[in-house]
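The data block below is input_7.cif; it holds mmCIF, C-alpha atoms.
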data_start
loop_
_atom_site.label_atom_id
_atom_site.label_comp_id
_atom_site.auth_asym_id
_atom_site.auth_seq_id
_atom_site.Cartn_x
_atom_site.Cartn_y
_atom_site.Cartn_z
CA MET A 1 14.78 1.18 -27.64
CA THR A 2 11.74 -0.69 -28.97
CA ASP A 3 11.54 -2.87 -25.83
CA GLN A 4 11.57 0.23 -23.63
CA LEU A 5 8.77 1.83 -25.63
CA THR A 6 6.54 -1.26 -25.69
CA ARG A 7 7.17 -2.59 -22.19
CA ARG A 8 4.32 -2.12 -19.76
CA GLY A 9 5.17 -0.91 -16.29
CA ARG A 10 4.45 -3.07 -13.26
CA ALA A 11 3.21 -1.96 -9.84
CA ASP A 12 2.23 -3.46 -6.50
CA LEU A 13 -0.07 -1.00 -4.74
CA HIS A 14 -0.92 -2.81 -1.50
CA VAL A 15 2.10 -3.37 0.76
CA HIS A 16 2.23 -3.21 4.57
CA THR A 17 5.18 -2.41 6.84
CA VAL A 18 5.87 -2.92 10.54
CA ALA A 19 4.27 0.49 11.11
CA SER A 20 0.96 -1.41 10.97
CA ASP A 21 0.55 -5.19 10.66
CA GLY A 22 3.37 -5.96 8.22
CA THR A 23 6.51 -7.84 9.23
CA ALA A 24 9.19 -5.94 7.26
CA THR A 25 10.57 -2.44 7.69
CA ALA A 26 10.26 0.20 4.99
CA GLU A 27 14.02 -0.04 4.45
CA ALA A 28 13.88 -3.82 4.00
CA ILE A 29 10.98 -3.48 1.56
CA LEU A 30 12.88 -0.98 -0.57
CA ASP A 31 15.93 -3.25 -0.67
CA HIS A 32 13.80 -6.28 -1.57
CA VAL A 33 11.97 -4.47 -4.35
CA GLU A 34 15.24 -3.18 -5.80
CA LEU A 35 17.08 -6.50 -5.73
CA ASN A 36 14.39 -9.14 -6.19
CA THR A 37 11.53 -7.75 -8.28
CA ASP A 38 10.88 -6.01 -11.58
CA LEU A 39 8.42 -3.54 -10.05
CA ASP A 40 8.47 0.04 -11.28
CA VAL A 41 6.08 1.41 -8.65
CA ILE A 42 5.01 0.31 -5.17
CA ALA A 43 2.52 1.79 -2.75
CA ILE A 44 2.99 1.53 1.01
CA THR A 45 -0.54 1.18 2.39
CA ASP A 46 -0.36 0.72 6.13
CA HIS A 47 -3.59 0.65 8.09
CA GLU A 48 -4.72 4.11 9.24
CA ARG A 49 -1.30 5.79 8.79
CA ILE A 50 1.05 7.16 6.13
CA ASP A 51 4.27 7.88 8.06
CA ALA A 52 6.17 4.84 6.77
CA ALA A 53 4.95 5.53 3.23
CA VAL A 54 6.19 9.12 3.33
CA ALA A 55 9.53 7.98 4.77
CA ALA A 56 9.88 5.24 2.15
CA ARG A 57 9.19 7.68 -0.68
CA THR A 58 11.91 10.02 0.59
CA MET A 59 14.40 7.16 1.08
CA ALA A 60 13.75 5.82 -2.42
CA VAL A 61 14.43 9.22 -3.98
CA ASP A 62 17.52 9.87 -1.85
CA ARG A 63 18.97 6.48 -2.74
CA GLY A 64 18.12 6.75 -6.44
CA LEU A 65 16.16 3.51 -6.44
CA ARG A 66 14.47 2.20 -9.56
CA ALA A 67 10.96 1.83 -8.13
CA GLU A 68 8.91 4.88 -7.20
CA VAL A 69 6.96 4.86 -3.94
CA VAL A 70 3.35 6.04 -3.88
CA VAL A 71 2.03 7.29 -0.55
CA GLY A 72 -1.01 5.23 0.34
CA GLU A 73 -3.15 4.06 3.23
CA GLU A 74 -5.52 1.17 3.79
CA VAL A 75 -8.44 2.92 5.42
CA THR A 76 -10.98 1.07 7.54
CA THR A 77 -14.46 2.31 6.68
CA LEU A 78 -17.91 1.27 7.86
CA GLY A 79 -18.30 -0.37 4.45
CA GLY A 80 -14.98 -2.24 4.25
CA HIS A 81 -11.29 -1.61 3.61
CA LEU A 82 -10.40 1.04 1.06
CA LEU A 83 -7.01 1.76 -0.52
CA ALA A 84 -6.20 5.46 -0.67
CA LEU A 85 -3.43 6.02 -3.26
CA PHE A 86 -1.48 9.17 -4.18
CA ILE A 87 -2.75 11.00 -1.09
CA ASP A 88 -1.13 14.08 0.44
CA ARG A 89 -2.40 13.54 4.00
CA PRO A 90 -3.80 10.77 6.22
CA ILE A 91 -7.43 9.78 5.75
CA ARG A 92 -9.56 9.50 8.89
CA PRO A 93 -10.96 5.97 9.36
CA TYR A 94 -14.29 4.57 10.59
CA ARG A 95 -16.58 6.64 8.40
CA SER A 96 -18.92 5.56 5.62
CA LEU A 97 -17.44 4.31 2.38
CA ARG A 98 -19.07 7.25 0.62
CA SER A 99 -17.55 9.97 2.80
CA THR A 100 -14.16 8.23 2.85
CA ILE A 101 -13.96 8.11 -0.96
CA ALA A 102 -14.83 11.81 -1.04
CA ALA A 103 -12.08 12.52 1.52
CA ILE A 104 -9.53 10.57 -0.54
CA HIS A 105 -10.38 12.60 -3.62
CA ASP A 106 -10.14 15.80 -1.59
CA ALA A 107 -6.62 14.70 -0.55
CA GLY A 108 -5.65 14.37 -4.20
CA GLY A 109 -5.89 10.59 -4.23
CA LEU A 110 -7.53 7.63 -5.91
CA ALA A 111 -9.92 5.31 -4.06
CA VAL A 112 -9.73 1.54 -4.65
CA PRO A 113 -11.83 -0.96 -2.64
CA ALA A 114 -9.49 -3.66 -1.29
CA HIS A 115 -10.36 -7.40 -1.60
CA PRO A 116 -13.99 -6.48 -2.41
CA LEU A 117 -17.21 -8.51 -2.67
CA VAL A 118 -16.07 -11.11 -0.12
CA PRO A 119 -18.87 -11.75 2.42
CA TYR A 120 -16.79 -10.41 5.30
CA PRO A 121 -17.07 -7.13 7.25
CA LEU A 122 -13.67 -5.84 6.04
CA CYS A 123 -14.71 -6.04 2.38
CA ALA A 124 -16.89 -3.66 0.39
CA GLN A 125 -20.03 -5.36 -0.88
CA GLY A 126 -21.40 -5.21 -4.40
CA TRP A 127 -24.68 -3.50 -3.55
CA VAL A 128 -22.83 -0.71 -1.72
CA LEU A 129 -20.44 -0.17 -4.63
CA ARG A 130 -23.31 -0.17 -7.15
CA ARG A 131 -25.10 2.50 -5.15
CA LEU A 132 -21.95 4.65 -5.11
CA LEU A 133 -21.35 4.18 -8.83
CA ASP A 134 -24.94 5.26 -9.52
CA ASP A 135 -24.56 8.36 -7.33
CA PRO A 136 -24.75 11.57 -9.40
CA ASP A 137 -21.77 12.98 -7.46
CA PRO A 138 -18.54 11.75 -9.16
CA ALA A 139 -16.58 12.62 -5.99
CA VAL A 140 -17.95 9.47 -4.31
CA HIS A 141 -17.23 7.05 -7.17
CA PRO A 142 -14.40 4.52 -6.65
CA ASP A 143 -11.63 4.93 -9.21
CA ALA A 144 -10.79 1.24 -9.62
CA ILE A 145 -11.28 -2.07 -7.89
CA GLU A 146 -8.74 -4.59 -6.61
CA THR A 147 -9.51 -7.37 -9.06
CA PHE A 148 -6.58 -9.53 -7.97
CA ASN A 149 -5.61 -10.19 -4.34
CA PRO A 150 -3.63 -13.41 -3.80
CA THR A 151 -4.71 -14.00 -0.20
CA THR A 152 -7.34 -16.43 1.10
CA LEU A 153 -9.89 -13.61 0.97
CA GLY A 154 -9.25 -13.01 -2.73
CA LYS A 155 -8.99 -16.43 -4.35
CA PRO A 156 -12.58 -17.79 -4.21
CA TRP A 157 -14.06 -14.48 -5.35
CA HIS A 158 -11.58 -13.51 -8.05
CA ALA A 159 -13.77 -14.32 -11.06
CA ARG A 160 -16.75 -12.55 -9.52
CA VAL A 161 -14.74 -9.40 -8.80
CA THR A 162 -13.33 -9.34 -12.33
CA ARG A 163 -16.83 -9.59 -13.81
CA PHE A 164 -18.02 -6.80 -11.54
CA ALA A 165 -15.18 -4.53 -12.69
CA ASP A 166 -15.94 -5.23 -16.34
CA GLU A 167 -19.68 -4.69 -15.92
CA HIS A 168 -19.14 -1.33 -14.25
CA ARG A 169 -16.15 -0.18 -16.33
CA LEU A 170 -13.81 0.00 -13.37
CA ALA A 171 -10.05 -0.17 -13.77
CA HIS A 172 -8.47 -3.50 -12.84
CA VAL A 173 -5.85 -3.30 -10.08
CA GLY A 174 -3.85 -6.34 -8.98
CA ASN A 175 -1.90 -6.24 -5.71
CA SER A 176 -0.07 -8.54 -3.32
CA ASP A 177 -1.57 -7.27 -0.04
CA ALA A 178 1.90 -8.15 1.24
CA HIS A 179 2.54 -8.47 4.96
CA ALA A 180 5.94 -10.16 4.44
CA LEU A 181 8.81 -9.61 2.03
CA SER A 182 8.26 -12.88 0.21
CA ALA A 183 4.72 -11.83 -0.77
CA ILE A 184 5.68 -8.58 -2.49
CA ALA A 185 4.99 -8.68 -6.25
CA THR A 186 2.94 -11.88 -6.05
CA GLY A 187 0.09 -9.69 -7.30
CA TRP A 188 0.62 -6.79 -9.66
CA THR A 189 -0.86 -4.17 -11.94
CA THR A 190 0.53 -3.58 -15.43
CA PHE A 191 0.13 -0.23 -17.19
CA PRO A 192 1.38 1.71 -20.22
CA GLY A 193 4.54 3.55 -19.19
CA GLN A 194 6.98 3.08 -16.32
CA ASP A 195 6.48 5.70 -13.61
CA ALA A 196 3.90 6.63 -11.00
CA GLY A 197 2.45 9.40 -13.14
CA ASP A 198 1.90 6.95 -15.99
CA LEU A 199 0.27 4.54 -13.56
CA ARG A 200 -2.16 7.10 -12.24
CA ARG A 201 -3.16 8.16 -15.74
CA ALA A 202 -3.65 4.49 -16.69
CA ILE A 203 -5.95 3.88 -13.72
CA GLU A 204 -7.98 6.95 -14.61
CA ALA A 205 -8.11 5.84 -18.27
CA ARG A 206 -8.93 2.22 -17.31
CA THR A 207 -5.99 0.83 -19.26
CA THR A 208 -4.49 -1.22 -16.41
CA GLU A 209 -4.42 -5.02 -16.18
CA HIS A 210 -3.97 -7.33 -13.22
CA GLY A 211 -1.79 -10.41 -12.76
CA GLY A 212 -0.35 -12.64 -10.08
CA ALA A 213 -0.33 -16.01 -8.35
CA PHE A 214 -2.45 -17.03 -5.39
CA HIS A 215 -0.75 -17.87 -2.09
CA PRO A 216 -0.80 -21.42 -0.71
CA THR A 217 -2.51 -21.60 2.68
CA VAL A 218 0.69 -22.80 4.37
CA GLY A 219 2.52 -19.67 3.30
CA GLN A 220 -0.14 -17.47 4.85
CA LEU A 221 0.07 -19.38 8.12
CA SER A 222 3.80 -18.65 8.16
CA THR A 223 3.09 -14.94 7.74
CA PHE A 224 0.56 -15.08 10.55
CA GLY A 225 3.24 -16.57 12.81
CA GLN A 226 5.62 -13.75 11.86
CA GLN A 227 2.92 -11.22 12.70
CA MET A 228 2.36 -12.76 16.13
CA ARG A 229 6.09 -12.64 16.91
CA LYS A 230 6.23 -9.06 15.70
CA ARG A 231 3.39 -8.06 18.02
CA GLY A 232 5.27 -9.63 20.91
CA ARG A 233 8.39 -7.61 20.08
CA ASP A 234 6.31 -4.47 19.74
CA ALA A 235 4.78 -4.94 23.17
CA ARG A 236 8.18 -5.54 24.78
CA ASP A 237 9.74 -2.50 23.08
CA GLU A 238 6.86 -0.26 24.14
CA LEU A 239 7.13 -1.46 27.72
CA LYS A 240 10.91 -0.98 27.81
CA GLY A 241 10.60 2.54 26.46
CA ARG A 242 8.08 3.47 29.13
CA LEU A 243 10.13 1.95 31.93
CA ARG A 244 13.31 3.68 30.76
CA ARG A 245 11.46 6.91 29.98
CA ASP A 246 13.89 7.47 27.12
CA GLY A 247 11.36 8.56 24.50
CA THR A 248 11.48 5.34 22.49
CA GLY A 249 9.05 2.56 21.68
CA ARG A 250 8.32 -0.06 19.04
CA ASP A 251 9.93 0.08 15.62
CA HIS A 252 7.94 1.77 12.85
CA GLY A 253 10.42 0.66 10.22
CA TYR A 254 12.25 3.84 9.22
CA PRO A 255 14.98 6.08 10.69
CA GLY A 256 13.41 7.85 13.65
CA GLY A 257 10.60 5.32 13.83
CA ARG A 258 11.52 4.25 17.37
CA LEU A 259 11.15 7.80 18.70
CA ARG A 260 8.04 8.95 20.50
CA PRO A 261 6.25 10.38 18.67
CA PRO A 262 7.78 8.57 15.68
CA ARG A 263 9.26 10.93 13.08
CA PHE A 264 11.39 10.35 10.04
CA GLU A 265 14.98 11.40 10.66
CA PRO A 266 17.01 10.71 7.52
CA ALA A 267 20.74 10.14 7.84
CA PRO A 268 22.76 13.16 6.68
CA ARG A 269 23.98 12.92 3.11
CA LYS A 270 27.68 12.48 2.44
CA ALA A 271 28.20 16.12 1.43
CA GLU A 272 26.51 17.27 4.62
CA ARG A 273 28.65 14.90 6.73
CA ASP A 274 31.82 16.12 5.04
CA GLU A 275 30.88 19.74 5.56
CA GLY A 276 29.96 19.16 9.18
CA GLY A 277 33.29 17.44 9.83
CA ARG A 278 35.44 20.26 8.54
CA PRO A 279 37.40 22.22 11.14
#

Please rewrite the model in this file as structure tokens.
Amino acid sequence: MTDQLTRRGRADLHVHTVASDGTATAEAILDHVELNTDLDVIAITDHERIDAAVAARTMAVDRGLRAEVVVGEEVTTLGGHLLALFIDRPIRPYRSLRSTIAAIHDAGGLAVPAHPLVPYPLCAQGWVLRRLLDDPDPAVHPDAIETFNPTTLGKPWHARVTRFADEHRLAHVGNSDAHALSAIATGWTTFPGQDAGDLRRAIEARTTEHGGAFHPTVGQLSTFGQQMRKRGRDARDELKGRLRRDGTGRDHGYPGGRLRPPRFEPAPRKAERDEGGRP
């Protein structure tokens, strides 16, 4: 009982599926998390879409899995990539960082700059974040910052990002930014409690901590190769669907994800199958 009360929960809030540029399906990710990690919470954060995240959340509940799924999105803004967590609808991309953070809050979510401070167009810069944090409107303030990201973008700037978070009293969030199964849980956030509600309250209270291990470059090259092969399969499946005119296309990683438009179609539960099979 004491261990359960004192144990901190663990989350990975930056995971991609085949619905965007990941290489694993939502179903495979759920299985991997259940069997091979100690994560209590994950967030599916595909680029510019939430369909796989919504499907994964439903599948996790239906299957009674240990880890909760948070609906998220990695949103491309004019000021860099931004994680939208706990959202109830998709967030429109390609707007300013300021207006995107406001939209995330309006959708009930938390806004977390992904792999920030790196001198690269996909990363939010310090001067932009400082200006937002100084804004008198709290609706445009980021809620946390990704202080640990194990990819090549994250490693050289890790200490700088951590200092920035401490200086500005931002919650620390550690994530894997996983695009392959093997990367899941290589970065994580710990928090008081075990479930998604506890995690959200911890981010808002700034009581989270980050952890993880940086990826070797060779491992990232392997993931890049998997992504290239996946894009080839996607192109072939899209072409086949158009030629056959059968309403199918590339796999989005969940039941119904090959349909056009893709839509989650869960398998009927056992009770429903039994009832449907009665004479």

**Q.** Residue list as JSON, numbers by chain for point (-16.7, -9.3, -2.6), cut-off 7 Å, only C-alpha atoms
**A.** {"A": [115, 116, 117, 118, 119, 123, 124, 125, 126, 157, 161]}

**Q.** Given all atoms listed in the file as the counted atoms, nearest of A:His32, A:His47, A:Arg200, A:Arg98 to A:Ala67
**A.** A:His32

Q. Hey, what's within 6 Å of stretch 203-220 of chain A if we count only C-alpha atoms and toss same-chain stuff fewer than 5 positions away? As number ranges by chain, please?
A. A: 150-151, 171-174, 186-191

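Take the candidates A:Arg160, A:His14, A:His168, A:Arg89 and check each one against A:Val54 using only C-alpha atoms; the shortest distance goes to A:Arg89.
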
(Q) Taking the file as I've supplied it (selection: the PyMOL selection byres ((chain A and resi 37) around 10)), which residues are included? Please answer as JSON, numbers by chain. (A) {"A": [10, 31, 32, 33, 34, 35, 36, 38, 39, 40, 67, 184, 185, 186]}

Q: One decimal, Å: what's the distance from atom CA of A:Arg263 over to atom CA of A:Ala56, could you say?
A: 12.3 Å

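The nearest approach to A:Leu110 among the residues A:Val71, A:Leu129, A:Val61, A:Ala26, with only C-alpha atoms taken into account, belongs to A:Val71.
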